[in-house]
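The file data-v7.pdb comes next; it holds PDB, N, CA and C atoms.
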```pdb
ATOM      1  N   MET A 872     -82.292 -41.095  -7.775  1.00  0.00           N
ATOM      2  CA  MET A 872     -82.648 -39.954  -8.562  1.00  0.00           C
ATOM      3  C   MET A 872     -82.498 -40.327 -10.024  1.00  0.00           C
ATOM      4  N   LYS A 873     -83.477 -39.936 -10.848  1.00  0.00           N
ATOM      5  CA  LYS A 873     -83.411 -40.226 -12.273  1.00  0.00           C
ATOM      6  C   LYS A 873     -83.291 -38.929 -13.045  1.00  0.00           C
ATOM      7  N   VAL A 874     -82.433 -38.942 -14.021  1.00  0.00           N
ATOM      8  CA  VAL A 874     -82.297 -37.816 -14.929  1.00  0.00           C
ATOM      9  C   VAL A 874     -82.326 -38.381 -16.336  1.00  0.00           C
ATOM     10  N   GLU A 875     -83.305 -37.940 -17.118  1.00  0.00           N
ATOM     11  CA  GLU A 875     -83.449 -38.379 -18.509  1.00  0.00           C
ATOM     12  C   GLU A 875     -83.364 -39.890 -18.651  1.00  0.00           C
ATOM     13  N   GLY A 876     -84.047 -40.618 -17.766  1.00  0.00           N
ATOM     14  CA  GLY A 876     -84.129 -42.061 -17.872  1.00  0.00           C
ATOM     15  C   GLY A 876     -82.910 -42.814 -17.390  1.00  0.00           C
ATOM     16  N   THR A 877     -81.879 -42.121 -16.917  1.00  0.00           N
ATOM     17  CA  THR A 877     -80.670 -42.778 -16.441  1.00  0.00           C
ATOM     18  C   THR A 877     -80.657 -42.770 -14.924  1.00  0.00           C
ATOM     19  N   GLU A 878     -80.424 -43.910 -14.339  1.00  0.00           N
ATOM     20  CA  GLU A 878     -80.348 -44.010 -12.884  1.00  0.00           C
ATOM     21  C   GLU A 878     -78.982 -43.504 -12.419  1.00  0.00           C
ATOM     22  N   LEU A 879     -78.977 -42.456 -11.621  1.00  0.00           N
ATOM     23  CA  LEU A 879     -77.734 -41.918 -11.088  1.00  0.00           C
ATOM     24  C   LEU A 879     -77.481 -42.524  -9.719  1.00  0.00           C
ATOM     25  N   GLN A 880     -76.261 -42.913  -9.459  1.00  0.00           N
ATOM     26  CA  GLN A 880     -75.903 -43.517  -8.186  1.00  0.00           C
ATOM     27  C   GLN A 880     -75.203 -42.483  -7.321  1.00  0.00           C
ATOM     28  N   PHE A 881     -75.740 -42.225  -6.166  1.00  0.00           N
ATOM     29  CA  PHE A 881     -75.129 -41.308  -5.220  1.00  0.00           C
ATOM     30  C   PHE A 881     -74.814 -42.070  -3.945  1.00  0.00           C
ATOM     31  N   GLY A 882     -74.081 -43.159  -4.077  1.00  0.00           N
ATOM     32  CA  GLY A 882     -73.755 -44.004  -2.940  1.00  0.00           C
ATOM     33  C   GLY A 882     -72.895 -43.328  -1.897  1.00  0.00           C
ATOM     34  N   ARG A 883     -72.207 -42.260  -2.265  1.00  0.00           N
ATOM     35  CA  ARG A 883     -71.351 -41.550  -1.314  1.00  0.00           C
ATOM     36  C   ARG A 883     -72.085 -40.408  -0.626  1.00  0.00           C
ATOM     37  N   ILE A 884     -73.336 -40.158  -1.004  1.00  0.00           N
ATOM     38  CA  ILE A 884     -74.128 -39.064  -0.448  1.00  0.00           C
ATOM     39  C   ILE A 884     -75.280 -39.653   0.349  1.00  0.00           C
ATOM     40  N   SER A 885     -75.516 -39.079   1.527  1.00  0.00           N
ATOM     41  CA  SER A 885     -76.643 -39.550   2.335  1.00  0.00           C
ATOM     42  C   SER A 885     -77.472 -38.367   2.803  1.00  0.00           C
ATOM     43  N   ILE A 886     -78.739 -38.632   3.018  1.00  0.00           N
ATOM     44  CA  ILE A 886     -79.660 -37.648   3.577  1.00  0.00           C
ATOM     45  C   ILE A 886     -80.367 -38.328   4.729  1.00  0.00           C
ATOM     46  N   ASP A 887     -80.120 -37.823   5.916  1.00  0.00           N
ATOM     47  CA  ASP A 887     -80.671 -38.389   7.146  1.00  0.00           C
ATOM     48  C   ASP A 887     -81.230 -37.236   7.962  1.00  0.00           C
ATOM     49  N   PRO A 888     -82.523 -37.273   8.295  1.00  0.00           N
ATOM     50  CA  PRO A 888     -83.109 -36.166   9.053  1.00  0.00           C
ATOM     51  C   PRO A 888     -82.432 -35.939  10.409  1.00  0.00           C
ATOM     52  N   ASN A 889     -81.703 -36.928  10.897  1.00  0.00           N
ATOM     53  CA  ASN A 889     -81.024 -36.802  12.182  1.00  0.00           C
ATOM     54  C   ASN A 889     -79.579 -36.316  12.063  1.00  0.00           C
ATOM     55  N   VAL A 890     -79.117 -36.065  10.840  1.00  0.00           N
ATOM     56  CA  VAL A 890     -77.743 -35.608  10.618  1.00  0.00           C
ATOM     57  C   VAL A 890     -77.797 -34.294   9.838  1.00  0.00           C
ATOM     58  N   CYS A 891     -77.212 -33.256  10.390  1.00  0.00           N
ATOM     59  CA  CYS A 891     -77.144 -31.942   9.720  1.00  0.00           C
ATOM     60  C   CYS A 891     -78.508 -31.466   9.230  1.00  0.00           C
ATOM     61  N   HIS A 892     -79.524 -31.663  10.045  1.00  0.00           N
ATOM     62  CA  HIS A 892     -80.886 -31.196   9.737  1.00  0.00           C
ATOM     63  C   HIS A 892     -81.418 -31.739   8.418  1.00  0.00           C
ATOM     64  N   GLY A 893     -80.957 -32.925   8.031  1.00  0.00           N
ATOM     65  CA  GLY A 893     -81.459 -33.551   6.807  1.00  0.00           C
ATOM     66  C   GLY A 893     -80.809 -33.060   5.531  1.00  0.00           C
ATOM     67  N   GLN A 894     -79.736 -32.277   5.653  1.00  0.00           N
ATOM     68  CA  GLN A 894     -79.036 -31.819   4.455  1.00  0.00           C
ATOM     69  C   GLN A 894     -78.245 -32.971   3.850  1.00  0.00           C
ATOM     70  N   ALA A 895     -78.057 -32.928   2.545  1.00  0.00           N
ATOM     71  CA  ALA A 895     -77.244 -33.945   1.873  1.00  0.00           C
ATOM     72  C   ALA A 895     -75.800 -33.818   2.363  1.00  0.00           C
ATOM     73  N   CYS A 896     -75.239 -34.939   2.812  1.00  0.00           N
ATOM     74  CA  CYS A 896     -73.878 -34.975   3.351  1.00  0.00           C
ATOM     75  C   CYS A 896     -73.104 -36.120   2.711  1.00  0.00           C
ATOM     76  N   VAL A 897     -71.787 -36.029   2.808  1.00  0.00           N
ATOM     77  CA  VAL A 897     -70.960 -37.162   2.418  1.00  0.00           C
ATOM     78  C   VAL A 897     -71.257 -38.275   3.414  1.00  0.00           C
ATOM     79  N   LYS A 898     -71.584 -39.441   2.900  1.00  0.00           N
ATOM     80  CA  LYS A 898     -71.989 -40.572   3.739  1.00  0.00           C
ATOM     81  C   LYS A 898     -70.946 -40.859   4.818  1.00  0.00           C
ATOM     82  N   GLY A 899     -71.437 -41.046   6.051  1.00  0.00           N
ATOM     83  CA  GLY A 899     -70.569 -41.373   7.176  1.00  0.00           C
ATOM     84  C   GLY A 899     -69.887 -40.168   7.801  1.00  0.00           C
ATOM     85  N   THR A 900     -70.237 -38.966   7.325  1.00  0.00           N
ATOM     86  CA  THR A 900     -69.652 -37.743   7.871  1.00  0.00           C
ATOM     87  C   THR A 900     -70.765 -36.743   8.161  1.00  0.00           C
ATOM     88  N   ARG A 901     -70.380 -35.625   8.690  1.00  0.00           N
ATOM     89  CA  ARG A 901     -71.298 -34.499   8.855  1.00  0.00           C
ATOM     90  C   ARG A 901     -70.864 -33.352   7.944  1.00  0.00           C
ATOM     91  N   MET A 902     -70.277 -33.713   6.815  1.00  0.00           N
ATOM     92  CA  MET A 902     -69.822 -32.725   5.841  1.00  0.00           C
ATOM     93  C   MET A 902     -70.905 -32.535   4.786  1.00  0.00           C
ATOM     94  N   PRO A 903     -71.607 -31.392   4.824  1.00  0.00           N
ATOM     95  CA  PRO A 903     -72.676 -31.151   3.848  1.00  0.00           C
ATOM     96  C   PRO A 903     -72.133 -30.944   2.435  1.00  0.00           C
ATOM     97  N   VAL A 904     -72.875 -31.442   1.479  1.00  0.00           N
ATOM     98  CA  VAL A 904     -72.528 -31.273   0.070  1.00  0.00           C
ATOM     99  C   VAL A 904     -72.408 -29.790  -0.258  1.00  0.00           C
ATOM    100  N   HIS A 905     -73.327 -28.975   0.246  1.00  0.00           N
ATOM    101  CA  HIS A 905     -73.311 -27.553  -0.089  1.00  0.00           C
ATOM    102  C   HIS A 905     -72.030 -26.879   0.386  1.00  0.00           C
ATOM    103  N   GLN A 906     -71.453 -27.340   1.482  1.00  0.00           N
ATOM    104  CA  GLN A 906     -70.210 -26.756   1.985  1.00  0.00           C
ATOM    105  C   GLN A 906     -69.046 -27.064   1.038  1.00  0.00           C
ATOM    106  N   ILE A 907     -68.996 -28.283   0.540  1.00  0.00           N
ATOM    107  CA  ILE A 907     -67.948 -28.665  -0.411  1.00  0.00           C
ATOM    108  C   ILE A 907     -68.064 -27.832  -1.680  1.00  0.00           C
ATOM    109  N   VAL A 908     -69.278 -27.720  -2.216  1.00  0.00           N
ATOM    110  CA  VAL A 908     -69.485 -26.967  -3.456  1.00  0.00           C
ATOM    111  C   VAL A 908     -69.148 -25.492  -3.236  1.00  0.00           C
ATOM    112  N   ARG A 909     -69.565 -24.934  -2.108  1.00  0.00           N
ATOM    113  CA  ARG A 909     -69.297 -23.518  -1.830  1.00  0.00           C
ATOM    114  C   ARG A 909     -67.794 -23.249  -1.702  1.00  0.00           C
ATOM    115  N   MET A 910     -67.070 -24.143  -1.030  1.00  0.00           N
ATOM    116  CA  MET A 910     -65.631 -23.955  -0.881  1.00  0.00           C
ATOM    117  C   MET A 910     -64.934 -23.986  -2.239  1.00  0.00           C
ATOM    118  N   LEU A 911     -65.350 -24.900  -3.096  1.00  0.00           N
ATOM    119  CA  LEU A 911     -64.777 -24.959  -4.445  1.00  0.00           C
ATOM    120  C   LEU A 911     -65.132 -23.697  -5.230  1.00  0.00           C
ATOM    121  N   ALA A 912     -66.372 -23.229  -5.087  1.00  0.00           N
ATOM    122  CA  ALA A 912     -66.800 -22.013  -5.779  1.00  0.00           C
ATOM    123  C   ALA A 912     -66.030 -20.791  -5.294  1.00  0.00           C
ATOM    124  N   ASN A 913     -65.577 -20.811  -4.059  1.00  0.00           N
ATOM    125  CA  ASN A 913     -64.836 -19.683  -3.491  1.00  0.00           C
ATOM    126  C   ASN A 913     -63.335 -19.785  -3.726  1.00  0.00           C
ATOM    127  N   GLY A 914     -62.909 -20.745  -4.552  1.00  0.00           N
ATOM    128  CA  GLY A 914     -61.517 -20.793  -4.957  1.00  0.00           C
ATOM    129  C   GLY A 914     -60.668 -21.877  -4.328  1.00  0.00           C
ATOM    130  N   ASP A 915     -61.213 -22.616  -3.369  1.00  0.00           N
ATOM    131  CA  ASP A 915     -60.449 -23.742  -2.827  1.00  0.00           C
ATOM    132  C   ASP A 915     -60.304 -24.802  -3.911  1.00  0.00           C
ATOM    133  N   THR A 916     -59.213 -25.526  -3.876  1.00  0.00           N
ATOM    134  CA  THR A 916     -59.016 -26.622  -4.817  1.00  0.00           C
ATOM    135  C   THR A 916     -59.417 -27.937  -4.142  1.00  0.00           C
ATOM    136  N   VAL A 917     -59.552 -28.967  -4.943  1.00  0.00           N
ATOM    137  CA  VAL A 917     -59.834 -30.289  -4.391  1.00  0.00           C
ATOM    138  C   VAL A 917     -58.716 -30.676  -3.428  1.00  0.00           C
ATOM    139  N   GLU A 918     -57.481 -30.373  -3.801  1.00  0.00           N
ATOM    140  CA  GLU A 918     -56.346 -30.695  -2.930  1.00  0.00           C
ATOM    141  C   GLU A 918     -56.433 -29.948  -1.599  1.00  0.00           C
ATOM    142  N   ASP A 919     -56.894 -28.681  -1.634  1.00  0.00           N
ATOM    143  CA  ASP A 919     -57.098 -27.916  -0.395  1.00  0.00           C
ATOM    144  C   ASP A 919     -58.094 -28.629   0.514  1.00  0.00           C
ATOM    145  N   LEU A 920     -59.195 -29.073  -0.078  1.00  0.00           N
ATOM    146  CA  LEU A 920     -60.233 -29.754   0.714  1.00  0.00           C
ATOM    147  C   LEU A 920     -59.707 -31.050   1.314  1.00  0.00           C
ATOM    148  N   LEU A 921     -58.977 -31.815   0.513  1.00  0.00           N
ATOM    149  CA  LEU A 921     -58.455 -33.096   0.998  1.00  0.00           C
ATOM    150  C   LEU A 921     -57.449 -32.893   2.119  1.00  0.00           C
ATOM    151  N   ALA A 922     -56.672 -31.807   2.054  1.00  0.00           N
ATOM    152  CA  ALA A 922     -55.705 -31.521   3.117  1.00  0.00           C
ATOM    153  C   ALA A 922     -56.407 -31.034   4.382  1.00  0.00           C
ATOM    154  N   GLU A 923     -57.433 -30.212   4.215  1.00  0.00           N
ATOM    155  CA  GLU A 923     -58.154 -29.638   5.358  1.00  0.00           C
ATOM    156  C   GLU A 923     -59.077 -30.660   6.021  1.00  0.00           C
ATOM    157  N   TYR A 924     -59.635 -31.554   5.239  1.00  0.00           N
ATOM    158  CA  TYR A 924     -60.594 -32.548   5.729  1.00  0.00           C
ATOM    159  C   TYR A 924     -60.101 -33.938   5.327  1.00  0.00           C
ATOM    160  N   PRO A 925     -59.170 -34.499   6.081  1.00  0.00           N
ATOM    161  CA  PRO A 925     -58.547 -35.769   5.684  1.00  0.00           C
ATOM    162  C   PRO A 925     -59.514 -36.959   5.631  1.00  0.00           C
ATOM    163  N   PHE A 926     -60.695 -36.803   6.203  1.00  0.00           N
ATOM    164  CA  PHE A 926     -61.685 -37.887   6.147  1.00  0.00           C
ATOM    165  C   PHE A 926     -62.402 -37.925   4.797  1.00  0.00           C
ATOM    166  N   LEU A 927     -62.213 -36.892   3.969  1.00  0.00           N
ATOM    167  CA  LEU A 927     -62.803 -36.875   2.628  1.00  0.00           C
ATOM    168  C   LEU A 927     -61.854 -37.516   1.630  1.00  0.00           C
ATOM    169  N   SER A 928     -62.429 -38.123   0.618  1.00  0.00           N
ATOM    170  CA  SER A 928     -61.632 -38.639  -0.496  1.00  0.00           C
ATOM    171  C   SER A 928     -61.968 -37.823  -1.742  1.00  0.00           C
ATOM    172  N   ARG A 929     -61.120 -37.930  -2.732  1.00  0.00           N
ATOM    173  CA  ARG A 929     -61.391 -37.258  -4.004  1.00  0.00           C
ATOM    174  C   ARG A 929     -62.747 -37.721  -4.556  1.00  0.00           C
ATOM    175  N   ALA A 930     -63.049 -38.999  -4.419  1.00  0.00           N
ATOM    176  CA  ALA A 930     -64.334 -39.530  -4.897  1.00  0.00           C
ATOM    177  C   ALA A 930     -65.510 -38.884  -4.156  1.00  0.00           C
ATOM    178  N   ASP A 931     -65.344 -38.575  -2.866  1.00  0.00           N
ATOM    179  CA  ASP A 931     -66.398 -37.886  -2.112  1.00  0.00           C
ATOM    180  C   ASP A 931     -66.658 -36.498  -2.679  1.00  0.00           C
ATOM    181  N   VAL A 932     -65.584 -35.780  -2.992  1.00  0.00           N
ATOM    182  CA  VAL A 932     -65.720 -34.432  -3.548  1.00  0.00           C
ATOM    183  C   VAL A 932     -66.386 -34.501  -4.917  1.00  0.00           C
ATOM    184  N   MET A 933     -65.960 -35.434  -5.761  1.00  0.00           N
ATOM    185  CA  MET A 933     -66.554 -35.572  -7.091  1.00  0.00           C
ATOM    186  C   MET A 933     -68.029 -35.984  -7.000  1.00  0.00           C
ATOM    187  N   ALA A 934     -68.351 -36.872  -6.051  1.00  0.00           N
ATOM    188  CA  ALA A 934     -69.746 -37.279  -5.863  1.00  0.00           C
ATOM    189  C   ALA A 934     -70.589 -36.094  -5.416  1.00  0.00           C
ATOM    190  N   SER A 935     -70.028 -35.227  -4.597  1.00  0.00           N
ATOM    191  CA  SER A 935     -70.750 -34.029  -4.156  1.00  0.00           C
ATOM    192  C   SER A 935     -71.042 -33.106  -5.330  1.00  0.00           C
ATOM    193  N   LEU A 936     -70.054 -32.923  -6.205  1.00  0.00           N
ATOM    194  CA  LEU A 936     -70.267 -32.100  -7.386  1.00  0.00           C
ATOM    195  C   LEU A 936     -71.302 -32.726  -8.321  1.00  0.00           C
ATOM    196  N   ASP A 937     -71.232 -34.035  -8.482  1.00  0.00           N
ATOM    197  CA  ASP A 937     -72.190 -34.744  -9.334  1.00  0.00           C
ATOM    198  C   ASP A 937     -73.605 -34.595  -8.781  1.00  0.00           C
ATOM    199  N   TYR A 938     -73.741 -34.722  -7.470  1.00  0.00           N
ATOM    200  CA  TYR A 938     -75.045 -34.580  -6.821  1.00  0.00           C
ATOM    201  C   TYR A 938     -75.583 -33.158  -7.025  1.00  0.00           C
ATOM    202  N   ALA A 939     -74.734 -32.162  -6.803  1.00  0.00           N
ATOM    203  CA  ALA A 939     -75.155 -30.768  -6.979  1.00  0.00           C
ATOM    204  C   ALA A 939     -75.547 -30.496  -8.425  1.00  0.00           C
ATOM    205  N   ALA A 940     -74.804 -31.060  -9.369  1.00  0.00           N
ATOM    206  CA  ALA A 940     -75.126 -30.874 -10.781  1.00  0.00           C
ATOM    207  C   ALA A 940     -76.479 -31.483 -11.120  1.00  0.00           C
ATOM    208  N   ALA A 941     -76.755 -32.634 -10.566  1.00  0.00           N
ATOM    209  CA  ALA A 941     -78.046 -33.283 -10.820  1.00  0.00           C
ATOM    210  C   ALA A 941     -79.192 -32.441 -10.271  1.00  0.00           C
ATOM    211  N   LEU A 942     -78.979 -31.801  -9.125  1.00  0.00           N
ATOM    212  CA  LEU A 942     -80.017 -30.941  -8.558  1.00  0.00           C
ATOM    213  C   LEU A 942     -80.229 -29.683  -9.389  1.00  0.00           C
ATOM    214  N   ALA A 943     -79.142 -29.190  -9.985  1.00  0.00           N
ATOM    215  CA  ALA A 943     -79.225 -27.957 -10.759  1.00  0.00           C
ATOM    216  C   ALA A 943     -79.778 -28.178 -12.165  1.00  0.00           C
ATOM    217  N   GLU A 944     -79.783 -29.426 -12.600  1.00  0.00           N
ATOM    218  CA  GLU A 944     -80.261 -29.707 -13.947  1.00  0.00           C
ATOM    219  C   GLU A 944     -81.762 -29.458 -14.005  1.00  0.00           C
ATOM    220  N   GLU A 945     -82.164 -28.705 -14.986  1.00  0.00           N
ATOM    221  CA  GLU A 945     -83.567 -28.340 -15.097  1.00  0.00           C
ATOM    222  C   GLU A 945     -84.203 -29.073 -16.265  1.00  0.00           C
ATOM    223  N   GLN A 946     -85.325 -29.680 -15.983  1.00  0.00           N
ATOM    224  CA  GLN A 946     -86.072 -30.340 -17.043  1.00  0.00           C
ATOM    225  C   GLN A 946     -87.279 -29.466 -17.349  1.00  0.00           C
ATOM    226  N   VAL A 947     -87.376 -28.999 -18.561  1.00  0.00           N
ATOM    227  CA  VAL A 947     -88.462 -28.121 -18.959  1.00  0.00           C
ATOM    228  C   VAL A 947     -89.481 -28.928 -19.758  1.00  0.00           C
ATOM    229  N   THR A 948     -90.723 -28.863 -19.339  1.00  0.00           N
ATOM    230  CA  THR A 948     -91.803 -29.525 -20.038  1.00  0.00           C
ATOM    231  C   THR A 948     -92.705 -28.456 -20.633  1.00  0.00           C
ATOM    232  N   PRO A 949     -92.759 -28.363 -21.970  1.00  0.00           N
ATOM    233  CA  PRO A 949     -93.596 -27.332 -22.592  1.00  0.00           C
ATOM    234  C   PRO A 949     -95.075 -27.537 -22.258  1.00  0.00           C
ATOM    235  N   ILE A 950     -95.744 -26.438 -22.053  1.00  0.00           N
ATOM    236  CA  ILE A 950     -97.189 -26.475 -21.790  1.00  0.00           C
ATOM    237  C   ILE A 950     -97.888 -25.974 -23.048  1.00  0.00           C
ATOM    238  N   GLU A 951     -98.824 -26.781 -23.522  1.00  0.00           N
ATOM    239  CA  GLU A 951     -99.562 -26.385 -24.723  1.00  0.00           C
ATOM    240  C   GLU A 951    -100.608 -25.343 -24.329  1.00  0.00           C
ATOM    241  N   VAL A 952    -100.682 -24.307 -25.138  1.00  0.00           N
ATOM    242  CA  VAL A 952    -101.664 -23.254 -24.912  1.00  0.00           C
ATOM    243  C   VAL A 952    -102.939 -23.647 -25.665  1.00  0.00           C
ATOM    244  N   ALA A 953    -104.051 -23.640 -24.960  1.00  0.00           N
ATOM    245  CA  ALA A 953    -105.334 -23.986 -25.578  1.00  0.00           C
ATOM    246  C   ALA A 953    -105.749 -22.896 -26.557  1.00  0.00           C
ATOM    247  N   SER A 954    -106.273 -23.299 -27.711  1.00  0.00           N
ATOM    248  CA  SER A 954    -106.762 -22.334 -28.698  1.00  0.00           C
ATOM    249  C   SER A 954    -108.052 -21.728 -28.198  1.00  0.00           C
ATOM    250  N   LEU A 955    -108.196 -20.446 -28.467  1.00  0.00           N
ATOM    251  CA  LEU A 955    -109.439 -19.760 -28.053  1.00  0.00           C
ATOM    252  C   LEU A 955    -110.470 -19.789 -29.096  1.00  0.00           C
TER     253      LEU A 955
END
```

Show me the file's structure as structure tokens.
Amino acid sequence: MKVEGTELQFGRISIDPNVCHGQACVKGTRMPVHQIVRMLANGDTVEDLLAEYPFLSRADVMASLDYAAALAEEQVTPIEVASL
């Protein structure tokens, strides 16, 4: 994925049509990125997630947030209006 000419590395995130219906997941798990982001949004802490899901690492959680942020970033391209 490219954002503003910079190559972003999402080595901890995988998308496989045969895993979780093709949703972005932490690589090697069936933990969807959206679930991690939603739990954090609902007040869970990173430490809560690491205790509840011992197969996750702090780097996995941060990579999930980075991936979600990249998806949410909006690039606006102005459209020129033709003169009448």

Exercise for review: Starting from the shown file, work through the PyMOL selection byres ((chain A and resi 935) around 8) and note down what comes out as number ranges by chain.
Suggested key: A: 881, 883-884, 896-897, 903-905, 907-908, 929-934, 936-941

Review point. DSSP says alpha helix (DSSP H) for which residues of chain A? Put them as number ranges by chain?
Key: A: 904-912, 917-923, 929-943

Check your understanding: Could you state the separation of atom N of Gly914 (chain A) and atom C of Val890 (chain A) in Å, given to one decimal place?
Key -> 24.7 Å

Practice item. Return as a PyMOL selection string the full set of residues in chain A whose backbone-based DSSP assignment is strand (DSSP E). Key: chain A and resi 873-874+877-878+884-885+896-897

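Computed from the coordinates, the atom C of Asn913 (chain A) to atom N of Gly899 (chain A) distance equals 24.8 Å.
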